[in-house]
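Text of protein_25.txt (compact mmCIF, C-alpha atoms and all ligand atoms) as supplied:
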```txt
# COMPACT_ATOMS: atom_id res chain seq x y z
CA MET M 1 3.52 -29.23 -4.30
CA SER M 2 0.52 -27.11 -5.19
CA ASP M 3 0.90 -23.56 -6.51
CA GLU M 4 -1.58 -22.48 -3.89
CA THR M 5 0.74 -22.50 -0.90
CA PRO M 6 2.32 -19.20 0.10
CA VAL M 7 6.01 -18.78 0.87
CA ARG M 8 6.55 -16.92 4.14
CA LEU M 9 8.20 -13.50 3.73
CA GLY M 10 6.83 -11.57 6.71
CA THR M 11 6.32 -11.88 10.46
CA TRP M 12 2.74 -12.67 11.53
CA PRO M 13 0.46 -11.67 13.04
CA THR M 14 1.09 -7.95 12.72
CA PRO M 15 0.17 -5.94 15.83
CA LEU M 16 -3.19 -4.28 16.44
CA GLU M 17 -2.62 -1.11 18.47
CA PRO M 18 -5.05 1.30 20.17
CA ALA M 19 -5.22 4.90 18.96
CA PRO M 20 -7.18 6.63 21.76
CA ARG M 21 -5.86 10.17 21.28
CA LEU M 22 -6.45 10.10 17.53
CA ALA M 23 -9.91 8.61 18.16
CA ARG M 24 -10.92 11.59 20.29
CA ILE M 25 -9.52 14.11 17.79
CA VAL M 26 -11.48 12.65 14.86
CA GLY M 27 -14.73 12.42 16.86
CA LEU M 28 -14.79 8.82 18.12
CA GLU M 29 -14.66 7.39 21.66
CA PRO M 30 -11.11 6.62 22.86
CA ASP M 31 -11.54 2.81 22.67
CA ASP M 32 -13.21 2.84 19.24
CA LEU M 33 -10.18 3.30 16.99
CA TRP M 34 -7.34 0.78 16.51
CA ILE M 35 -4.53 0.58 13.98
CA LYS M 36 -3.62 -2.74 12.31
CA ARG M 37 0.13 -2.39 11.71
CA ASP M 38 0.70 -3.96 8.32
CA ASP M 39 3.51 -1.44 7.94
CA LEU M 40 5.34 -3.76 10.36
CA THR M 41 5.28 -6.90 8.22
CA GLY M 42 9.07 -7.15 8.16
CA LEU M 43 11.01 -7.29 4.84
CA ALA M 44 12.69 -4.07 3.63
CA GLY M 45 10.49 -1.30 4.96
CA GLY M 46 7.34 -3.42 5.25
CA GLY M 47 3.85 -2.89 3.89
CA ASN M 48 0.81 -4.62 2.47
CA LYS M 49 2.60 -5.93 -0.63
CA VAL M 50 4.37 -8.53 1.52
CA ARG M 51 1.14 -10.49 2.11
CA LYS M 52 0.35 -10.49 -1.61
CA LEU M 53 3.90 -11.44 -2.65
CA GLU M 54 3.84 -14.44 -0.31
CA TRP M 55 1.31 -15.95 -2.75
CA THR M 56 2.52 -14.63 -6.12
CA ALA M 57 6.28 -14.95 -5.55
CA GLY M 58 5.67 -18.32 -3.90
CA ALA M 59 3.90 -19.55 -7.04
CA ALA M 60 6.66 -18.14 -9.27
CA LEU M 61 9.33 -19.90 -7.25
CA ARG M 62 7.57 -23.24 -7.42
CA GLN M 63 7.10 -22.87 -11.17
CA GLY M 64 10.88 -22.62 -11.49
CA ALA M 65 11.14 -18.87 -12.15
CA ARG M 66 14.45 -17.20 -11.34
CA THR M 67 13.61 -13.52 -11.98
CA LEU M 68 10.66 -11.51 -10.64
CA VAL M 69 9.54 -8.79 -13.06
CA THR M 70 7.02 -6.10 -12.22
CA SER M 71 6.02 -2.50 -13.03
CA GLY M 72 4.86 0.60 -11.25
CA ALA M 73 5.20 4.30 -10.50
CA PRO M 74 8.74 5.54 -9.76
CA GLN M 75 8.01 5.49 -6.00
CA SER M 76 6.21 2.14 -6.12
CA ASN M 77 6.18 0.36 -2.73
CA HIS M 78 5.20 -2.79 -4.59
CA ALA M 79 8.30 -2.63 -6.80
CA ARG M 80 10.55 -2.15 -3.75
CA LEU M 81 9.01 -5.12 -1.95
CA THR M 82 9.20 -7.27 -5.09
CA ALA M 83 12.94 -6.50 -5.15
CA ALA M 84 13.17 -7.46 -1.47
CA ALA M 85 11.16 -10.67 -1.97
CA ALA M 86 13.43 -11.65 -4.86
CA ALA M 87 16.50 -11.12 -2.68
CA ARG M 88 14.97 -13.14 0.15
CA LEU M 89 14.12 -16.00 -2.23
CA GLY M 90 17.46 -16.02 -4.05
CA MET M 91 15.97 -14.62 -7.27
CA ASP M 92 16.74 -11.56 -9.44
CA ALA M 93 14.37 -8.59 -9.77
CA VAL M 94 13.68 -6.37 -12.78
CA LEU M 95 11.47 -3.32 -12.17
CA VAL M 96 9.84 -1.48 -15.08
CA LEU M 97 9.08 2.00 -13.75
CA LYS M 98 7.31 4.98 -15.30
CA GLY M 99 9.44 8.05 -16.00
CA SER M 100 13.13 8.69 -16.50
CA PRO M 101 16.08 8.06 -14.23
CA PRO M 102 16.51 10.91 -11.73
CA GLY M 103 19.01 13.49 -12.92
CA VAL M 104 20.08 12.01 -16.25
CA LEU M 105 17.75 13.87 -18.64
CA LYS M 106 19.59 16.58 -20.53
CA GLY M 107 18.79 19.98 -19.05
CA SER M 108 17.03 18.55 -15.99
CA PRO M 109 18.20 19.49 -12.51
CA PRO M 110 20.61 16.97 -10.99
CA GLY M 111 18.00 14.79 -9.30
CA ALA M 112 18.95 12.63 -6.35
CA VAL M 113 17.76 9.07 -5.95
CA SER M 114 15.36 8.96 -3.01
CA GLY M 115 12.78 6.90 -1.15
CA ASN M 116 11.78 3.63 -2.76
CA ILE M 117 14.13 4.12 -5.74
CA ALA M 118 17.11 4.28 -3.40
CA LEU M 119 15.96 1.04 -1.76
CA ASP M 120 15.44 -0.63 -5.17
CA GLY M 121 19.10 0.10 -5.89
CA ILE M 122 20.33 -1.14 -2.53
CA LEU M 123 18.27 -4.32 -2.94
CA GLY M 124 20.04 -5.02 -6.22
CA ALA M 125 17.06 -4.72 -8.57
CA ARG M 126 17.61 -3.78 -12.21
CA ILE M 127 15.44 -0.78 -13.12
CA VAL M 128 14.13 -0.27 -16.66
CA TRP M 129 12.79 3.27 -17.13
CA ALA M 130 9.72 3.18 -19.39
CA GLY M 131 9.57 6.95 -20.00
CA ASP M 132 6.44 9.09 -20.00
CA VAL M 133 3.88 6.33 -20.66
CA ASP M 134 0.29 5.62 -19.61
CA GLN M 135 -0.87 2.36 -18.03
CA ALA M 136 -1.13 0.52 -21.36
CA GLY M 137 2.28 1.83 -22.45
CA LEU M 138 3.82 0.62 -19.20
CA GLY M 139 2.28 -2.81 -19.74
CA ALA M 140 3.72 -2.93 -23.26
CA VAL M 141 7.26 -2.18 -22.01
CA LEU M 142 6.81 -4.79 -19.26
CA ASP M 143 5.86 -7.41 -21.87
CA GLU M 144 8.91 -6.56 -24.00
CA VAL M 145 11.24 -6.79 -21.03
CA ALA M 146 9.75 -10.13 -19.94
CA GLU M 147 10.15 -11.47 -23.50
CA GLU M 148 13.82 -10.40 -23.59
CA LEU M 149 14.46 -12.06 -20.24
CA ARG M 150 12.80 -15.24 -21.47
CA ALA M 151 14.98 -15.19 -24.60
CA GLN M 152 18.06 -14.80 -22.39
CA GLY M 153 17.00 -17.76 -20.29
CA ALA M 154 16.57 -15.69 -17.14
CA GLY M 155 13.33 -17.47 -16.15
CA PRO M 156 11.11 -14.41 -15.66
CA ALA M 157 7.80 -14.43 -13.76
CA VAL M 158 5.64 -11.33 -14.15
CA ILE M 159 4.03 -10.06 -10.96
CA PRO M 160 1.02 -7.94 -12.05
CA PHE M 161 0.59 -4.17 -11.58
CA GLY M 162 0.47 -3.24 -7.89
CA GLY M 163 0.98 -6.92 -7.12
CA SER M 164 -2.77 -7.54 -7.41
CA SER M 165 -4.39 -10.68 -8.78
CA VAL M 166 -6.94 -13.16 -7.48
CA LEU M 167 -4.08 -15.27 -6.09
CA ALA M 168 -2.47 -12.23 -4.44
CA ALA M 169 -5.77 -11.21 -2.84
CA ARG M 170 -5.68 -14.44 -0.83
CA GLY M 171 -2.97 -12.82 1.27
CA TYR M 172 -5.53 -10.26 2.40
CA ALA M 173 -8.25 -12.83 2.89
CA GLU M 174 -5.78 -14.36 5.39
CA ALA M 175 -5.20 -10.93 6.91
CA GLY M 176 -8.96 -10.47 7.36
CA HIS M 177 -9.17 -13.69 9.39
CA GLU M 178 -6.07 -12.70 11.38
CA LEU M 179 -7.72 -9.37 12.23
CA LEU M 180 -10.96 -11.05 13.34
CA THR M 181 -9.04 -13.02 15.97
CA GLN M 182 -7.67 -9.69 17.27
CA ALA M 183 -10.88 -7.65 16.92
CA PRO M 184 -13.91 -10.00 16.83
CA ASP M 185 -16.29 -7.05 17.24
CA LEU M 186 -14.97 -5.25 14.16
CA ALA M 187 -17.53 -2.87 12.62
CA THR M 188 -15.44 -1.06 9.99
CA LEU M 189 -11.96 -1.59 8.56
CA VAL M 190 -10.64 1.43 6.64
CA VAL M 191 -8.14 0.70 3.86
CA ALA M 192 -6.52 2.52 0.93
CA MET M 193 -7.56 1.18 -2.48
CA GLY M 194 -4.83 1.26 -5.16
CA SER M 195 -4.69 -1.74 -7.47
CA GLY M 196 -7.46 -3.43 -5.49
CA GLY M 197 -6.07 -6.77 -4.30
CA THR M 198 -5.87 -5.70 -0.69
CA MET M 199 -9.47 -4.48 -0.44
CA ALA M 200 -10.71 -7.50 -2.42
CA GLY M 201 -9.16 -10.03 -0.03
CA LEU M 202 -10.55 -8.15 2.95
CA VAL M 203 -14.05 -7.97 1.44
CA HIS M 204 -13.89 -11.72 0.82
CA ALA M 205 -12.96 -12.41 4.46
CA LEU M 206 -14.99 -9.73 6.26
CA GLY M 207 -17.93 -9.00 3.95
CA ALA M 208 -18.58 -5.85 1.93
CA ASP M 209 -20.34 -4.07 4.83
CA ARG M 210 -17.29 -4.04 7.09
CA VAL M 211 -14.66 -2.78 4.62
CA LEU M 212 -14.44 0.92 3.76
CA GLY M 213 -12.07 1.49 0.83
CA VAL M 214 -10.58 4.88 0.06
CA ASP M 215 -9.61 5.21 -3.60
CA VAL M 216 -6.17 6.74 -4.30
CA GLY M 217 -6.78 7.27 -8.02
CA ALA M 218 -4.52 4.51 -9.39
CA VAL M 219 -7.19 2.82 -11.56
CA THR M 220 -10.15 4.23 -13.51
CA ASP M 221 -12.91 1.95 -12.18
CA PRO M 222 -11.94 0.88 -8.64
CA GLY M 223 -15.33 -0.65 -7.78
CA GLN M 224 -15.26 -2.97 -10.78
CA VAL M 225 -11.61 -3.92 -10.16
CA VAL M 226 -12.35 -4.96 -6.55
CA SER M 227 -15.57 -6.74 -7.38
CA ASP M 228 -13.85 -8.74 -10.18
CA PHE M 229 -11.10 -9.90 -7.78
CA VAL M 230 -13.68 -10.86 -5.14
CA ALA M 231 -15.60 -12.80 -7.77
CA GLY M 232 -12.34 -14.62 -8.60
CA LEU M 233 -12.05 -15.62 -4.95
CA ALA M 234 -15.69 -16.27 -4.15
CA GLY M 235 -17.30 -17.21 -7.45
CA PRO M 236 -20.89 -16.20 -8.18
CA GLY M 237 -22.55 -14.34 -5.32
CA ALA M 238 -19.60 -11.99 -4.79
CA PRO M 239 -20.71 -8.42 -4.04
CA ALA M 240 -21.23 -6.22 -7.10
CA ALA M 241 -19.28 -2.96 -7.46
CA HIS M 242 -22.22 -0.87 -6.22
CA ALA M 243 -22.46 -2.94 -3.01
CA LEU M 244 -18.92 -1.95 -1.93
CA ARG M 245 -18.18 0.87 0.51
CA LEU M 246 -15.76 2.92 -1.56
CA ARG M 247 -14.97 6.61 -1.14
CA ARG M 248 -13.58 8.48 -4.13
CA ASP M 249 -13.40 11.94 -2.51
CA GLN M 250 -9.70 11.87 -1.52
CA VAL M 251 -8.12 11.53 -4.96
CA GLY M 252 -7.72 15.30 -5.45
CA ALA M 253 -5.58 16.27 -8.43
CA GLY M 254 -4.36 12.68 -8.86
CA TYR M 255 -2.36 9.75 -7.49
CA ALA M 256 0.94 11.57 -6.79
CA GLU M 257 -0.54 14.95 -5.78
CA LEU M 258 -0.61 15.93 -2.12
CA THR M 259 -3.93 17.35 -0.84
CA ASP M 260 -4.54 19.53 2.22
CA ALA M 261 -6.76 16.81 3.74
CA VAL M 262 -3.88 14.33 3.44
CA THR M 263 -1.38 16.77 4.94
CA ASP M 264 -3.75 17.29 7.88
CA ALA M 265 -4.30 13.54 8.31
CA LEU M 266 -0.54 12.87 8.29
CA THR M 267 0.13 15.61 10.81
CA VAL M 268 -2.65 14.74 13.24
CA THR M 269 -1.85 10.99 13.21
CA ALA M 270 1.87 11.57 13.75
CA ARG M 271 1.33 14.02 16.61
CA ALA M 272 -1.46 12.09 18.35
CA GLU M 273 -0.03 8.57 18.12
CA GLY M 274 3.59 8.72 16.90
CA VAL M 275 2.49 6.84 13.78
CA VAL M 276 3.65 8.17 10.41
CA LEU M 277 1.52 7.74 7.28
CA ASP M 278 2.49 8.17 3.61
CA PRO M 279 1.24 10.88 1.23
CA VAL M 280 -0.25 8.59 -1.47
CA TYR M 281 -2.06 5.71 0.29
CA THR M 282 -2.40 5.74 4.06
CA GLY M 283 -2.66 9.54 4.25
CA ARG M 284 -5.63 9.36 1.87
CA ALA M 285 -7.15 6.46 3.79
CA MET M 286 -6.95 8.42 7.07
CA ALA M 287 -8.40 11.53 5.39
CA GLY M 288 -11.25 9.29 4.19
CA LEU M 289 -11.77 7.90 7.70
CA ILE M 290 -11.95 11.45 9.12
CA ALA M 291 -14.49 12.42 6.42
CA ALA M 292 -16.51 9.25 7.10
CA VAL M 293 -16.76 10.09 10.82
CA ALA M 294 -17.77 13.68 10.01
CA GLU M 295 -20.57 12.33 7.77
CA GLY M 296 -21.76 9.70 10.27
CA ASP M 297 -20.79 6.74 8.09
CA VAL M 298 -18.33 5.68 10.83
CA ARG M 299 -19.86 6.23 14.27
CA PRO M 300 -18.76 6.46 17.91
CA GLY M 301 -19.33 3.28 19.95
CA GLN M 302 -18.32 0.96 17.09
CA ARG M 303 -14.98 -0.79 16.66
CA THR M 304 -13.13 0.89 13.79
CA VAL M 305 -9.76 -0.38 12.58
CA PHE M 306 -7.46 1.59 10.31
CA LEU M 307 -5.23 -0.64 8.18
CA HIS M 308 -1.74 0.86 8.05
CA THR M 309 -0.52 -0.55 4.74
CA GLY M 310 2.99 0.95 4.92
CA GLY M 311 4.54 3.32 2.37
CA LEU M 312 6.94 5.22 4.63
CA PRO M 313 9.80 5.07 2.07
CA GLY M 314 7.49 6.83 -0.39
CA LEU M 315 7.21 9.77 2.00
CA PHE M 316 10.95 10.34 1.63
CA GLY M 317 10.61 10.27 -2.15
CA HIS M 318 7.70 12.73 -2.32
CA THR M 319 8.86 16.28 -3.10
CA ALA M 320 5.75 18.13 -1.88
CA ALA M 321 5.51 16.11 1.35
CA MET M 322 9.19 16.77 2.08
CA ALA M 323 8.63 20.51 1.48
CA ARG M 324 5.83 20.44 4.10
CA ALA M 325 8.12 18.62 6.51
CA GLN M 326 10.82 21.20 5.87
CA ALA M 327 8.37 24.00 6.67
CA ALA M 328 7.37 22.24 9.93
CA VAL M 329 11.03 21.99 10.95
CA THR M 330 11.62 25.66 10.16
CA ASP M 331 8.51 26.73 12.12
CA SER M 332 9.52 24.69 15.14
CA SER M 333 13.20 25.67 15.22
CA THR M 334 14.54 28.03 17.80
CA VAL M 335 17.91 29.59 17.14
CA HIS M 336 19.90 29.90 20.34
CA SER M 337 22.12 32.94 20.49
CA ARG M 338 24.52 33.72 23.30
CA PRO M 339 23.48 36.60 25.52
C1 LIG M 401 -0.08 -0.59 -2.83
C2 LIG M 401 -0.44 0.09 -1.56
C3 LIG M 401 -1.77 0.18 -1.13
C4 LIG M 401 -2.93 -0.32 -1.94
O1 LIG M 401 -2.99 -1.71 -2.06
P1 LIG M 401 -3.69 -2.34 -3.34
O2 LIG M 401 -3.75 -3.79 -3.09
O3 LIG M 401 -2.82 -1.98 -4.52
O4 LIG M 401 -5.02 -1.71 -3.51
C5 LIG M 401 -2.03 0.78 0.08
N1 LIG M 401 -1.04 1.30 0.83
C6 LIG M 401 0.26 1.26 0.43
C7 LIG M 401 1.28 1.90 1.30
C8 LIG M 401 0.61 0.66 -0.77
O5 LIG M 401 1.89 0.64 -1.16
```

Could I get this file's structure written as structure tokens?
Amino acid sequence: MSDETPVRLGTWPTPLEPAPRLARIVGLEPDDLWIKRDDLTGLAGGGNKVRKLEWTAGAALRQGARTLVTSGAPQSNHARLTAAAAARLGMDAVLVLKGSPPGVLKGSPPGAVSGNIALDGILGARIVWAGDVDQAGLGAVLDEVAEELRAQGAGPAVIPFGGSSVLAARGYAEAGHELLTQAPDLATLVVAMGSGGTMAGLVHALGADRVLGVDVGAVTDPGQVVSDFVAGLAGPGAPAAHALRLRRDQVGAGYAELTDAVTDALTVTARAEGVVLDPVYTGRAMAGLIAAVAEGDVRPGQRTVFLHTGGLPGLFGHTAAMARAQAAVTDSSTVHSRP
């Protein structure tokens, strides 16, 4: 069998739902704005990583691997879904995460396991804490761990950072075609850009003009990353970095830091449509969509689709976002006292 056939891990197609109240609030016509629910892919909390893992984990399985190994931030959605994919495929998972285990550092407050980390544990993944390292340092620890696993005969396959590679991006090329059957008149698809595979696949399927990426600050040169993946899919003639629609105005103080624009986007989306976004990816993407409408880059009368890429478990592992939620509960609470 070829290595180019995906293994099915999700439930397809994901729904495309109207968002008329949100549309009006952000300055579009009620029928303009729709949400593509890739948070509902199935598999342990769902999210965009499922489509990418169908290709990369599928290839690993066919090559005889028995352990999926990957790396990420402590609240990595990709790591959680790699653990889930491994379970589904009868493989082991080893996750190399930045930072230290919650609550075990001497002198640190007794941290509780939360969000994606809690799910990693439930899913049976082994976590290797890489400490306070940068991207290159994380990669070095990942290589060491993979080498050890190989020496032990555990049959490791390394899934790249954020799950993105040219092969992985094919999952989002598929998603682009799936979306076109649901919304043939698509003008703009808004998507968070992290490690780039998602946006790259979509650009390959839909063209650079119809995909608006919102950078979350996970890589230093997002335009080049996306354009290299698209070139891997399309060969020469792929759009150059400067030809991509990519907003970099929602990064704020960095990847894990909550901004006011993101808090507003989360709140307005939840209250208008009953749809909850996450503080790192989809919250930034919605803040970028709102800014794009305000600037006239996304206009009324055109079909705009927001790609909900998941990330809800990360919300429950994000201290600042939980503090905002706590404040909202306190503000809204009425204490009943007997007369
Ligand atoms: C990883 C992730 C993204 C970004 O996808 P990339 O392919 O890494 O760019 C967007 N949203 C969520 C919720 C994610 O977990």

> Pick the closest to Trp12 in chain M from M:Glu174, M:Met91, M:Ile25, M:Gly139: which is it, counting only C-alpha atoms?
Replying inline: M:Glu174

Using only C-alpha atoms and all ligand atoms, what does the table of chain M residues within 6 Å of ligand LIG 401 (chain M) look like, with each row giving the shortest atom pair and its distance in Å to one decimal, sorted by chain and ascending number, as JSON lines?
```
{"residue": "M:Asn77", "atom": "CA", "partner": "M:LIG401", "partner_atom": "O5", "distance": 4.6}
{"residue": "M:His78", "atom": "CA", "partner": "M:LIG401", "partner_atom": "O5", "distance": 5.9}
{"residue": "M:Gly162", "atom": "CA", "partner": "M:LIG401", "partner_atom": "O3", "distance": 4.9}
{"residue": "M:Ser164", "atom": "CA", "partner": "M:LIG401", "partner_atom": "O2", "distance": 5.8}
{"residue": "M:Ala192", "atom": "CA", "partner": "M:LIG401", "partner_atom": "C5", "distance": 4.9}
{"residue": "M:Met193", "atom": "CA", "partner": "M:LIG401", "partner_atom": "O4", "distance": 4.0}
{"residue": "M:Gly194", "atom": "CA", "partner": "M:LIG401", "partner_atom": "O4", "distance": 3.4}
{"residue": "M:Ser195", "atom": "CA", "partner": "M:LIG401", "partner_atom": "O3", "distance": 3.5}
{"residue": "M:Gly196", "atom": "CA", "partner": "M:LIG401", "partner_atom": "O4", "distance": 3.6}
{"residue": "M:Gly197", "atom": "CA", "partner": "M:LIG401", "partner_atom": "O2", "distance": 4.0}
{"residue": "M:Thr198", "atom": "CA", "partner": "M:LIG401", "partner_atom": "O2", "distance": 3.7}
{"residue": "M:Tyr281", "atom": "CA", "partner": "M:LIG401", "partner_atom": "N1", "distance": 4.6}
{"residue": "M:Thr282", "atom": "CA", "partner": "M:LIG401", "partner_atom": "N1", "distance": 5.7}
{"residue": "M:Thr309", "atom": "CA", "partner": "M:LIG401", "partner_atom": "N1", "distance": 4.4}
{"residue": "M:Gly310", "atom": "CA", "partner": "M:LIG401", "partner_atom": "C7", "distance": 4.1}
{"residue": "M:Gly311", "atom": "CA", "partner": "M:LIG401", "partner_atom": "C7", "distance": 3.7}
```

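CA of Val280 in chain M lies 10.7 Å from CA of Leu266 in chain M.
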
>> I'd like the contact shell of Val214 in chain M - 7 Å cut-off, only C-alpha atoms, skipping same-chain residues fewer than 4 positions apart - returned as JSON, numbers by chain.
In response: {"M": [191, 192, 193, 246, 247, 248, 284, 285, 288]}

Can I get the selection written as an mmCIF file, in the frame of the given file, with C-alpha atoms?
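Final output, saved to out25.cif:
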```
data_model
loop_
_atom_site.group_PDB
_atom_site.id
_atom_site.type_symbol
_atom_site.label_atom_id
_atom_site.label_comp_id
_atom_site.auth_asym_id
_atom_site.auth_seq_id
_atom_site.Cartn_x
_atom_site.Cartn_y
_atom_site.Cartn_z
ATOM 1 C CA VAL M 191 -8.140 0.700 3.860
ATOM 2 C CA ALA M 192 -6.520 2.520 0.930
ATOM 3 C CA MET M 193 -7.560 1.180 -2.480
ATOM 4 C CA LEU M 246 -15.760 2.920 -1.560
ATOM 5 C CA ARG M 247 -14.970 6.610 -1.140
ATOM 6 C CA ARG M 248 -13.580 8.480 -4.130
ATOM 7 C CA ARG M 284 -5.630 9.360 1.870
ATOM 8 C CA ALA M 285 -7.150 6.460 3.790
ATOM 9 C CA GLY M 288 -11.250 9.290 4.190
#
```

> Which neighbours of Gln75 in chain M fall inside 7 Å, counting only C-alpha atoms, when residues of the same chain fewer than 6 positions from it are skipped, and could you give them as number ranges by chain?
Replying inline: M: 115-117, 314, 317

Determine, using all atoms listed in the file, which residues of range 100-147 of chain M have any atom at most 10 Å from an atom of range 61-74 of chain M, and tabulate each with its shortest atom pair and distance in Å to one decimal place, rows ordered by chain and then rising number, as CSV.
```
residue,atom,partner,partner_atom,distance
M:Ser100,CA,M:Pro74,CA,8.6
M:Pro101,CA,M:Pro74,CA,9.0
M:Pro102,CA,M:Pro74,CA,9.6
M:Gly115,CA,M:Pro74,CA,9.6
M:Asn116,CA,M:Pro74,CA,7.9
M:Ile117,CA,M:Pro74,CA,6.9
M:Ala125,CA,M:Leu68,CA,9.6
M:Arg126,CA,M:Val69,CA,9.5
M:Ile127,CA,M:Ser71,CA,9.6
M:Val128,CA,M:Ser71,CA,9.2
M:Trp129,CA,M:Pro74,CA,8.7
M:Ala130,CA,M:Ser71,CA,9.3
M:Gln135,CA,M:Gly72,CA,9.0
M:Leu138,CA,M:Ser71,CA,7.3
M:Gly139,CA,M:Ser71,CA,7.7
M:Val141,CA,M:Ser71,CA,9.1
M:Leu142,CA,M:Ser71,CA,6.7
M:Asp143,CA,M:Val69,CA,9.6
M:Val145,CA,M:Val69,CA,8.4
M:Ala146,CA,M:Val69,CA,7.0
```

>> What's around Glu54 in chain M at 8 Å? Count all atoms listed in the file, leave out sequence neighbours fewer than 4 positions away in its own chain, and write the answer as a ChimeraX atom specification.
In response: /M:6-9,50,58,168,171

> Nearest to Val133 in chain M: which of M:Arg245, M:Lys52, M:Arg150, M:Lys98 is it, counting all atoms listed in the file?
Replying inline: M:Lys98

> If you measure from CA of Leu167 in chain M to CA of Leu206 in chain M, what distance in Å do you get, rounded to one decimal?
Replying inline: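 We find that CA of Leu167 in chain M and CA of Leu206 in chain M lie 17.4 Å from each other.
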
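Distance-wise, CA of Glu29 in chain M and CA of Val293 in chain M end up 11.4 Å apart.
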
>> When you count only C-alpha atoms, which of these residues is closest to Ala173 in chain M: M:Leu289, M:Ala200, M:Val305, M:Ala253?
In response: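 Closest residue, counting only C-alpha atoms: M:Ala200.
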
> For Ala183 in chain M, which residue among M:His242, M:Thr319, M:Pro20, M:Phe306 is the nearest when counting all atoms listed in the file?
Replying inline: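 Looking at the shortest contact to Ala183 in chain M, the residue is M:Phe306.
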
> Quick one: residues within 10 Å of Val268 in chain M, all atoms listed in the file counted, chain neighbours fewer than 6 positions away excluded, as a ChimeraX atom specification?
Replying inline: /M:21-22,25-26,262,274-276,286

>> Is it possible to get the residues within 12 Å of (-21.0, 0.6, 13.7) (coordinates as in the file, counting all atoms listed in the file) written as number ranges by chain?
In response: M: 28, 32-33, 185-189, 209-212, 292-293, 296-305
